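Novice: Let me begin by handing over the structure; questions about it come next.
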Amino acid sequence: MSEEADADDDEAATESEDPAETEAEERVEEETETQDVEADAASDGPVPVGVKLGSTRTVIAIPEESGDVRIIRTLTCLATYDDPLTGEEQVLYGEEAATQYPDRVQFMLRSGLPEDDDRAELTKKFFNTVLEENDVPEDSVVVYAIPTIENERGLDNLEAVIQESAIGQRTVESYPESLCGAIPAMGDGLEAIGEIFVSVNMGSTNLEAAAYRRGEQLNPFATGAVTGNEVDRMIANNVEGETQGRVNIDTTTAREYKEQHADFVDFEPFTDIIQQPGGGAHEFTIERSVMDACNQYLDDAVDEIANSFLPELANDHIKVYQLALDQPIVLTGGMACIPGIVDEFENRLSEELNRDVEAVAADNPDLGASVGAQRIADHLIGN
Ligand SMILES: Nc1ncnc2c1ncn2[C@@H]1O[C@H](COP(=O)(O)OP(=O)(O)OP(=O)(O)O)[C@@H](O)[C@H]1O
Ligand SMILES: [Mg+2]
């Protein structure tokens, strides 16, 4: 059931309704997309590159000479094997590694950051392979997005991965993921850096929130209790219940169900088939499992924002709280891709707070952090 991952990933990345969006050239790996985003790529100076190394996916944004921004989007995983002729270690990453080597593929950022030396080494191997195979320019200014997690070791390891890579020979800087992700949601340039607003990042291992005042982060908040990974686990459990125990799916399949079918506006029941151990196939229909999990996720997210994050913000910075709630709240991260989630978040949060709040997201919230980081890098070169 997981072999469709490739096609689905591409689909997810191309779903933008921007008619100017074009397919990447053929030499570019199939997980790579070209997005039509404004950028000034000076042909001879350093190139501004945006990077997000996430626990599920890594996204890199690079301007092309045409002015478009090329997006490399890949699962953050690798598998190695020894070349039978040379004996040399070969590295595979992304969908290819996950599909061809399910027995030994490693998702080294499962917890969100490279926690220890081993995982830092694996992350370097992964990142350098992605850079090499996609010709990411070495003469570059790199801005990378960092999660709002108090984990000094993990953040230091992440920094080492980027600093010690071939790219970013001019400069390497980091900015918070929820700020980078808000940039493409708030305009075509860097408007977000001049505003006062709240950003909520809906990732695989964390729900993060912060207020931003002209780029300054206030009241950073993170919880590992409301996550995309937890939704996947809930879906897997729900499927077992919904099929009276006849169907067991792994969390990768659950994630694929979520990414392909979750929809707060018009969810359609779907069918899938499993091969039974004794031979023969069993077809089943999923009606509730996916959206029950997504509804639970959204209720929990709204609860954390309304009853944990916002009260603390109001307590510490009442003026900023008032100004920020008069602006749309920006939703970023992969879970914000679910159709209708922005309006539904807005409704449920307004109800919980007993006042009207608005919410917005970029066209592709899962790519937002790297697109925003790339714009910051572009600005740094300009200065
Ligand atoms: N189109 C989609 N529909 C539904 N869910 C999606 C979609 N795209 C990505 N996701 C989900 O979003 C989550 C990944 O989000 P994101 O890439 O922002 O996380 P991350 O930065 O890797 O994680 P974290 O910051 O928590 O470490 C995963 O749970 C993934 O399944
Ligand atoms: Mg993240």
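All residue names refer to the structure tokens as shown: chains lettered A, B, ... in order, residues numbered from 1 in each chain, ligands numbered from 1 in order.
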List all protein, DNA and RNA residues that have any atom at most 9 Å from ligand 2, counting only C-alpha atoms and all ligand atoms, and write the list as a PDB file with N, CA, C and O atoms, in the first residue's frame.
Specialist:
```pdb
ATOM      1  N   LYS A  52      14.953  23.661   5.020  1.00  0.00           N
ATOM      2  CA  LYS A  52      14.264  23.155   6.201  1.00  0.00           C
ATOM      3  C   LYS A  52      14.509  21.664   6.303  1.00  0.00           C
ATOM      4  O   LYS A  52      14.111  20.903   5.423  1.00  0.00           O
ATOM      5  N   LEU A  53      15.199  21.260   7.352  1.00  0.00           N
ATOM      6  CA  LEU A  53      15.419  19.835   7.599  1.00  0.00           C
ATOM      7  C   LEU A  53      14.370  19.414   8.617  1.00  0.00           C
ATOM      8  O   LEU A  53      14.507  19.706   9.802  1.00  0.00           O
ATOM      9  N   GLY A  54      13.315  18.741   8.163  1.00  0.00           N
ATOM     10  CA  GLY A  54      12.230  18.373   9.060  1.00  0.00           C
ATOM     11  C   GLY A  54      12.258  16.898   9.391  1.00  0.00           C
ATOM     12  O   GLY A  54      12.933  16.114   8.711  1.00  0.00           O
ATOM     13  N   SER A  55      11.504  16.509  10.400  1.00  0.00           N
ATOM     14  CA  SER A  55      11.554  15.107  10.797  1.00  0.00           C
ATOM     15  C   SER A  55      10.918  14.200   9.752  1.00  0.00           C
ATOM     16  O   SER A  55      11.353  13.073   9.574  1.00  0.00           O
ATOM     17  N   THR A  56       9.911  14.693   9.030  1.00  0.00           N
ATOM     18  CA  THR A  56       9.333  13.879   7.962  1.00  0.00           C
ATOM     19  C   THR A  56       9.978  14.208   6.622  1.00  0.00           C
ATOM     20  O   THR A  56      10.415  13.320   5.908  1.00  0.00           O
ATOM     21  N   ARG A  57      10.021  15.500   6.294  1.00  0.00           N
ATOM     22  CA  ARG A  57      10.556  15.875   4.987  1.00  0.00           C
ATOM     23  C   ARG A  57      11.579  17.009   5.090  1.00  0.00           C
ATOM     24  O   ARG A  57      11.499  17.843   5.984  1.00  0.00           O
ATOM     25  N   GLY A 112      12.713  15.073  15.656  1.00  0.00           N
ATOM     26  CA  GLY A 112      12.685  16.492  15.317  1.00  0.00           C
ATOM     27  C   GLY A 112      14.057  17.101  15.099  1.00  0.00           C
ATOM     28  O   GLY A 112      14.215  18.014  14.319  1.00  0.00           O
ATOM     29  N   ALA A 145      15.705  26.941   8.614  1.00  0.00           N
ATOM     30  CA  ALA A 145      14.638  27.104   9.602  1.00  0.00           C
ATOM     31  C   ALA A 145      14.902  26.180  10.786  1.00  0.00           C
ATOM     32  O   ALA A 145      15.245  25.014  10.600  1.00  0.00           O
ATOM     33  N   ILE A 146      14.747  26.724  11.995  1.00  0.00           N
ATOM     34  CA  ILE A 146      14.938  25.872  13.178  1.00  0.00           C
ATOM     35  C   ILE A 146      13.657  25.775  13.999  1.00  0.00           C
ATOM     36  O   ILE A 146      12.913  26.743  14.135  1.00  0.00           O
ATOM     37  N   PRO A 147      13.398  24.584  14.543  1.00  0.00           N
ATOM     38  CA  PRO A 147      12.215  24.420  15.385  1.00  0.00           C
ATOM     39  C   PRO A 147      12.384  25.168  16.707  1.00  0.00           C
ATOM     40  O   PRO A 147      13.508  25.450  17.131  1.00  0.00           O
ATOM     41  N   THR A 148      11.246  25.486  17.320  1.00  0.00           N
ATOM     42  CA  THR A 148      11.247  26.167  18.610  1.00  0.00           C
ATOM     43  C   THR A 148      11.266  25.121  19.712  1.00  0.00           C
ATOM     44  O   THR A 148      10.270  24.900  20.376  1.00  0.00           O
ATOM     45  N   GLU A 177      11.397  28.422  12.446  1.00  0.00           N
ATOM     46  CA  GLU A 177      10.560  27.817  11.411  1.00  0.00           C
ATOM     47  C   GLU A 177       9.198  28.515  11.307  1.00  0.00           C
ATOM     48  O   GLU A 177       8.682  28.728  10.209  1.00  0.00           O
ATOM     49  N   SER A 178       8.608  28.874  12.454  1.00  0.00           N
ATOM     50  CA  SER A 178       7.264  29.465  12.391  1.00  0.00           C
ATOM     51  C   SER A 178       7.300  30.896  11.862  1.00  0.00           C
ATOM     52  O   SER A 178       6.285  31.411  11.404  1.00  0.00           O
ATOM     53  N   ASN A 201       2.797  26.606  14.055  1.00  0.00           N
ATOM     54  CA  ASN A 201       3.425  25.656  13.139  1.00  0.00           C
ATOM     55  C   ASN A 201       2.971  24.242  13.465  1.00  0.00           C
ATOM     56  O   ASN A 201       3.174  23.739  14.569  1.00  0.00           O
ATOM     57  N   MET A 202       2.331  23.594  12.475  1.00  0.00           N
ATOM     58  CA  MET A 202       1.721  22.275  12.690  1.00  0.00           C
ATOM     59  C   MET A 202       2.578  21.202  12.041  1.00  0.00           C
ATOM     60  O   MET A 202       2.413  20.893  10.864  1.00  0.00           O
ATOM     61  N   GLY A 203       3.507  20.642  12.804  1.00  0.00           N
ATOM     62  CA  GLY A 203       4.479  19.714  12.246  1.00  0.00           C
ATOM     63  C   GLY A 203       4.204  18.265  12.572  1.00  0.00           C
ATOM     64  O   GLY A 203       3.138  17.911  13.085  1.00  0.00           O
ATOM     65  N   SER A 204       5.182  17.410  12.269  1.00  0.00           N
ATOM     66  CA  SER A 204       5.003  15.986  12.551  1.00  0.00           C
ATOM     67  C   SER A 204       5.307  15.622  13.998  1.00  0.00           C
ATOM     68  O   SER A 204       4.728  14.684  14.523  1.00  0.00           O
ATOM     69  N   THR A 205       6.229  16.340  14.652  1.00  0.00           N
ATOM     70  CA  THR A 205       6.593  15.963  16.026  1.00  0.00           C
ATOM     71  C   THR A 205       6.206  17.016  17.052  1.00  0.00           C
ATOM     72  O   THR A 205       6.361  16.786  18.250  1.00  0.00           O
ATOM     73  N   ASN A 206       5.750  18.178  16.582  1.00  0.00           N
ATOM     74  CA  ASN A 206       5.466  19.274  17.499  1.00  0.00           C
ATOM     75  C   ASN A 206       4.368  20.180  16.994  1.00  0.00           C
ATOM     76  O   ASN A 206       4.189  20.316  15.793  1.00  0.00           O
ATOM     77  N   LEU A 207       3.676  20.805  17.930  1.00  0.00           N
ATOM     78  CA  LEU A 207       2.834  21.959  17.617  1.00  0.00           C
ATOM     79  C   LEU A 207       3.546  23.142  18.252  1.00  0.00           C
ATOM     80  O   LEU A 207       3.831  23.124  19.451  1.00  0.00           O
ATOM     81  N   GLU A 208       3.894  24.121  17.428  1.00  0.00           N
ATOM     82  CA  GLU A 208       4.630  25.274  17.946  1.00  0.00           C
ATOM     83  C   GLU A 208       3.811  26.523  17.732  1.00  0.00           C
ATOM     84  O   GLU A 208       3.075  26.625  16.759  1.00  0.00           O
ATOM     85  N   THR A 332       1.268  27.346   9.690  1.00  0.00           N
ATOM     86  CA  THR A 332       2.347  26.859   8.844  1.00  0.00           C
ATOM     87  C   THR A 332       2.567  25.371   9.104  1.00  0.00           C
ATOM     88  O   THR A 332       2.002  24.802  10.030  1.00  0.00           O
ATOM     89  N   GLY A 333       3.407  24.741   8.298  1.00  0.00           N
ATOM     90  CA  GLY A 333       3.765  23.335   8.504  1.00  0.00           C
ATOM     91  C   GLY A 333       2.854  22.397   7.729  1.00  0.00           C
ATOM     92  O   GLY A 333       1.775  22.764   7.260  1.00  0.00           O
ATOM     93  N   GLY A 334       3.295  21.159   7.608  1.00  0.00           N
ATOM     94  CA  GLY A 334       2.623  20.185   6.757  1.00  0.00           C
ATOM     95  C   GLY A 334       1.176  19.914   7.096  1.00  0.00           C
ATOM     96  O   GLY A 334       0.341  19.736   6.200  1.00  0.00           O
ATOM     97  N   ASP A 366       3.508  23.333   3.677  1.00  0.00           N
ATOM     98  CA  ASP A 366       4.622  22.423   3.961  1.00  0.00           C
ATOM     99  C   ASP A 366       5.934  22.922   3.356  1.00  0.00           C
ATOM    100  O   ASP A 366       7.007  22.513   3.778  1.00  0.00           O
ATOM    101  N   ALA A 369       8.331  27.166   5.076  1.00  0.00           N
ATOM    102  CA  ALA A 369       9.518  27.503   5.867  1.00  0.00           C
ATOM    103  C   ALA A 369      10.745  27.659   4.966  1.00  0.00           C
ATOM    104  O   ALA A 369      11.542  28.582   5.146  1.00  0.00           O
TER     105      ALA A 369
END
```
Novice: Quick one: residues within 10 Å of Asn238 of chain A, only C-alpha atoms, excluding same-chain residues fewer than 6 positions away - as number ranges by chain?
Specialist: A: 232, 244-245, 248-249, 254, 286, 288-293
Novice: Excluding Leu113 of chain A and residues on its chain fewer than 5 positions from it, collect all residues at most 7 Å away from it, counting only C-alpha atoms, and give them as a list in words.
Specialist: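 Here the qualifying residues turn out to be Gly154, Leu155 and Leu158 of chain A.
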Novice: Which of these residues is nearest to Arg348 of chain A, using only C-alpha atoms: A:Leu367, A:Arg375, A:Asp299, A:Leu190?
Specialist: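 Once distances to Arg348 of chain A are computed over only C-alpha atoms, the minimum belongs to A:Asp299.
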Novice: Out of A:Met108, A:Ala185, A:Ala160, A:Val172, which residue has the shortest atom-to-atom distance to Val342 of chain A when counting only C-alpha atoms?
Specialist: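 Closest to Val342 of chain A, using only C-alpha atoms: A:Ala185.
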Novice: Choose the residue, out of A:Gln327, A:Gln106, A:Ser350, A:Asn229, that has the smallest atom-to-atom separation from Asp250 of chain A; count only C-alpha atoms.
Specialist: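 The closest residue to Asp250 of chain A is A:Asn229.
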Novice: Determine which residues of segment 129-360 of chain A receive a DSSP assignment of strand (DSSP E), computed from the backbone, and state them as a PyMOL selection string.
Specialist: chain A and resi 140-146+171-176+196-202+207-213+216-223+270-275+281-286+329-332+359-360
Novice: Can you write out the residues you just picked, keeping N, CA and C atoms, as a compact mmCIF listing (two decimals), in the first residue's frame?
Specialist:
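Result went into result13.txt, see below:
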```txt
# COMPACT_ATOMS: atom_id res chain seq x y z
N SER A 140 26.97 30.02 -1.85
CA SER A 140 25.61 30.41 -1.50
C SER A 140 25.55 31.02 -0.11
N VAL A 141 24.48 31.77 0.12
CA VAL A 141 24.12 32.23 1.45
C VAL A 141 22.94 31.36 1.86
N VAL A 142 23.09 30.64 2.97
CA VAL A 142 22.06 29.69 3.38
C VAL A 142 21.33 30.19 4.62
N VAL A 143 20.01 30.22 4.54
CA VAL A 143 19.21 30.43 5.74
C VAL A 143 18.44 29.14 5.99
N TYR A 144 18.53 28.62 7.22
CA TYR A 144 17.78 27.40 7.52
C TYR A 144 16.82 27.65 8.67
N ALA A 145 15.70 26.94 8.61
CA ALA A 145 14.64 27.10 9.60
C ALA A 145 14.90 26.18 10.79
N ILE A 146 14.75 26.72 11.99
CA ILE A 146 14.94 25.87 13.18
C ILE A 146 13.66 25.77 14.00
N THR A 171 27.73 32.55 3.94
CA THR A 171 27.13 32.75 5.27
C THR A 171 26.11 31.65 5.51
N VAL A 172 25.93 31.28 6.77
CA VAL A 172 24.84 30.39 7.17
C VAL A 172 24.15 31.03 8.36
N GLU A 173 22.84 31.21 8.26
CA GLU A 173 22.09 31.81 9.37
C GLU A 173 20.84 30.98 9.63
N SER A 174 20.34 31.02 10.87
CA SER A 174 19.10 30.31 11.16
C SER A 174 18.01 31.27 11.64
N TYR A 175 16.78 30.96 11.30
CA TYR A 175 15.61 31.72 11.75
C TYR A 175 14.54 30.72 12.18
N PRO A 176 13.65 31.12 13.11
CA PRO A 176 12.62 30.17 13.56
C PRO A 176 11.72 29.71 12.41
N ILE A 196 3.18 42.48 13.48
CA ILE A 196 2.96 41.86 14.79
C ILE A 196 1.86 40.81 14.59
N PHE A 197 2.18 39.56 14.80
CA PHE A 197 1.21 38.49 14.53
C PHE A 197 1.57 37.24 15.31
N VAL A 198 0.61 36.30 15.31
CA VAL A 198 0.85 34.99 15.93
C VAL A 198 1.00 33.96 14.82
N SER A 199 1.98 33.08 14.97
CA SER A 199 2.19 32.00 14.01
C SER A 199 2.08 30.66 14.73
N VAL A 200 1.40 29.72 14.09
CA VAL A 200 1.24 28.37 14.67
C VAL A 200 1.78 27.38 13.65
N ASN A 201 2.80 26.61 14.06
CA ASN A 201 3.43 25.66 13.14
C ASN A 201 2.97 24.24 13.46
N MET A 202 2.33 23.59 12.48
CA MET A 202 1.72 22.28 12.69
C MET A 202 2.58 21.20 12.04
N LEU A 207 3.68 20.81 17.93
CA LEU A 207 2.83 21.96 17.62
C LEU A 207 3.55 23.14 18.25
N GLU A 208 3.89 24.12 17.43
CA GLU A 208 4.63 25.27 17.95
C GLU A 208 3.81 26.52 17.73
N ALA A 209 3.96 27.49 18.63
CA ALA A 209 3.34 28.78 18.43
C ALA A 209 4.26 29.85 18.98
N ALA A 210 4.14 31.05 18.45
CA ALA A 210 4.89 32.19 18.97
C ALA A 210 4.22 33.44 18.44
N ALA A 211 4.42 34.55 19.17
CA ALA A 211 4.05 35.84 18.61
C ALA A 211 5.32 36.42 18.02
N TYR A 212 5.17 37.18 16.94
CA TYR A 212 6.31 37.89 16.36
C TYR A 212 6.02 39.38 16.35
N ARG A 213 7.02 40.16 16.79
CA ARG A 213 6.90 41.62 16.76
C ARG A 213 8.09 42.11 15.95
N GLU A 216 10.91 39.81 16.06
CA GLU A 216 11.32 39.37 17.40
C GLU A 216 10.33 38.32 17.90
N GLN A 217 10.85 37.20 18.36
CA GLN A 217 9.97 36.12 18.82
C GLN A 217 9.59 36.33 20.29
N LEU A 218 8.28 36.28 20.56
CA LEU A 218 7.79 36.42 21.94
C LEU A 218 7.02 35.15 22.34
N ASN A 219 7.17 34.76 23.58
CA ASN A 219 6.43 33.62 24.13
C ASN A 219 6.45 32.35 23.27
N PRO A 220 7.64 31.89 22.90
CA PRO A 220 7.67 30.64 22.14
C PRO A 220 7.04 29.50 22.92
N PHE A 221 6.23 28.71 22.25
CA PHE A 221 5.48 27.63 22.88
C PHE A 221 5.60 26.39 22.01
N ALA A 222 5.79 25.24 22.63
CA ALA A 222 5.83 24.00 21.85
C ALA A 222 5.28 22.86 22.68
N THR A 223 4.53 21.98 22.04
CA THR A 223 4.09 20.77 22.73
C THR A 223 4.24 19.57 21.80
N PHE A 270 -13.03 6.23 1.08
CA PHE A 270 -12.19 5.62 0.04
C PHE A 270 -11.96 4.15 0.37
N THR A 271 -11.58 3.39 -0.67
CA THR A 271 -11.35 1.97 -0.45
C THR A 271 -9.88 1.64 -0.67
N ASP A 272 -9.44 0.60 -0.03
CA ASP A 272 -8.08 0.11 -0.23
C ASP A 272 -8.14 -1.42 -0.16
N ILE A 273 -7.05 -2.05 -0.55
CA ILE A 273 -7.02 -3.52 -0.58
C ILE A 273 -5.79 -4.01 0.15
N ILE A 274 -5.96 -5.02 0.99
CA ILE A 274 -4.77 -5.66 1.56
C ILE A 274 -4.69 -7.10 1.08
N GLN A 275 -3.46 -7.57 0.92
CA GLN A 275 -3.25 -8.97 0.58
C GLN A 275 -3.31 -9.75 1.89
N ALA A 281 -7.29 -11.30 -1.60
CA ALA A 281 -7.22 -9.88 -1.24
C ALA A 281 -8.48 -9.50 -0.47
N HIS A 282 -8.33 -8.54 0.43
CA HIS A 282 -9.48 -8.06 1.19
C HIS A 282 -9.65 -6.57 0.90
N GLU A 283 -10.82 -6.22 0.35
CA GLU A 283 -11.07 -4.81 0.07
C GLU A 283 -11.88 -4.22 1.21
N PHE A 284 -11.53 -3.01 1.62
CA PHE A 284 -12.27 -2.37 2.71
C PHE A 284 -12.45 -0.88 2.41
N THR A 285 -13.43 -0.30 3.07
CA THR A 285 -13.73 1.12 2.88
C THR A 285 -13.48 1.87 4.18
N ILE A 286 -12.87 3.04 4.07
CA ILE A 286 -12.62 3.87 5.24
C ILE A 286 -13.57 5.07 5.20
N ILE A 329 -4.12 34.91 12.26
CA ILE A 329 -3.13 33.98 12.79
C ILE A 329 -2.61 33.17 11.61
N VAL A 330 -1.29 33.01 11.52
CA VAL A 330 -0.73 32.29 10.39
C VAL A 330 -0.51 30.82 10.77
N LEU A 331 -1.05 29.93 9.95
CA LEU A 331 -0.81 28.50 10.16
C LEU A 331 0.26 28.03 9.18
N THR A 332 1.27 27.35 9.69
CA THR A 332 2.35 26.86 8.84
C THR A 332 2.57 25.37 9.10
N ALA A 359 -7.66 33.33 10.38
CA ALA A 359 -6.45 32.55 10.17
C ALA A 359 -6.12 32.53 8.68
N VAL A 360 -4.84 32.41 8.36
CA VAL A 360 -4.38 32.31 6.96
C VAL A 360 -3.26 31.28 6.87
```
Novice: Kindly indicate which residue among A:Ile60, A:Ala182, A:Ile149, A:Leu325 lies nearest to Asn134 of chain A, using only C-alpha atoms for the distances.
Specialist: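 Smallest distance to Asn134 of chain A is found for A:Ile60.
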Novice: How many Å lie between atom 15 (O, counted along the ligand's line) of ligand 1 and atom CA of Lys258 of chain A, rounded to one decimal?
Specialist: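 Pair atom 15 (O, counted along the ligand's line) of ligand 1 / atom CA of Lys258 of chain A returns 11.9 Å.
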Novice: Taking only C-alpha atoms into account, name the residue in A:Asp363, A:Glu150, A:Glu287, A:Asp266 that is nearest to Glu242 of chain A.
Specialist: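 Between A:Asp363, A:Glu150, A:Glu287, A:Asp266, the residue approaching Glu242 of chain A most closely is A:Glu287.
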Novice: Using backbone DSSP assignments, extract all alpha helix (DSSP H) residues from segment 127-267 of chain A; output them as JSON, numbers by chain.
Specialist: {"A": [127, 128, 129, 130, 131, 132, 133, 152, 153, 154, 155, 156, 157, 158, 159, 160, 161, 162, 163, 177, 178, 179, 180, 181, 182, 183, 184, 185, 186, 228, 229, 230, 231, 232, 233, 234, 235, 236, 237, 238, 239, 240, 241, 242, 251, 252, 253, 254, 255, 256, 257, 258, 259, 260, 261]}
Novice: Which one of A:Glu138, A:Glu312, A:Glu191, A:Glu230 sits closest to ligand 1 if you count only C-alpha atoms and all ligand atoms?
Specialist: A:Glu230
Novice: Give me, please, the distance in Å between atom CA of Tyr297 of chain A and atom CA of Pro311 of chain A, quoted to one decimal.
Specialist: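 Interatomic distance here is 20.3 Å.
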Novice: Write out as a list in words each polymer residue whose atoms come within 9 Å of segment 344-346 of chain A, counting only C-alpha atoms; drop sequence neighbours fewer than 3 positions from it.
Specialist: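 The contact residues come out as Phe264, Val265, Leu298, Asp299, Ala301, Val302, Ile329, Gly340, Ile341, Leu349, Ser350, Glu351, Asp356, Val357, Glu358, Ala359 and Val360 of chain A.
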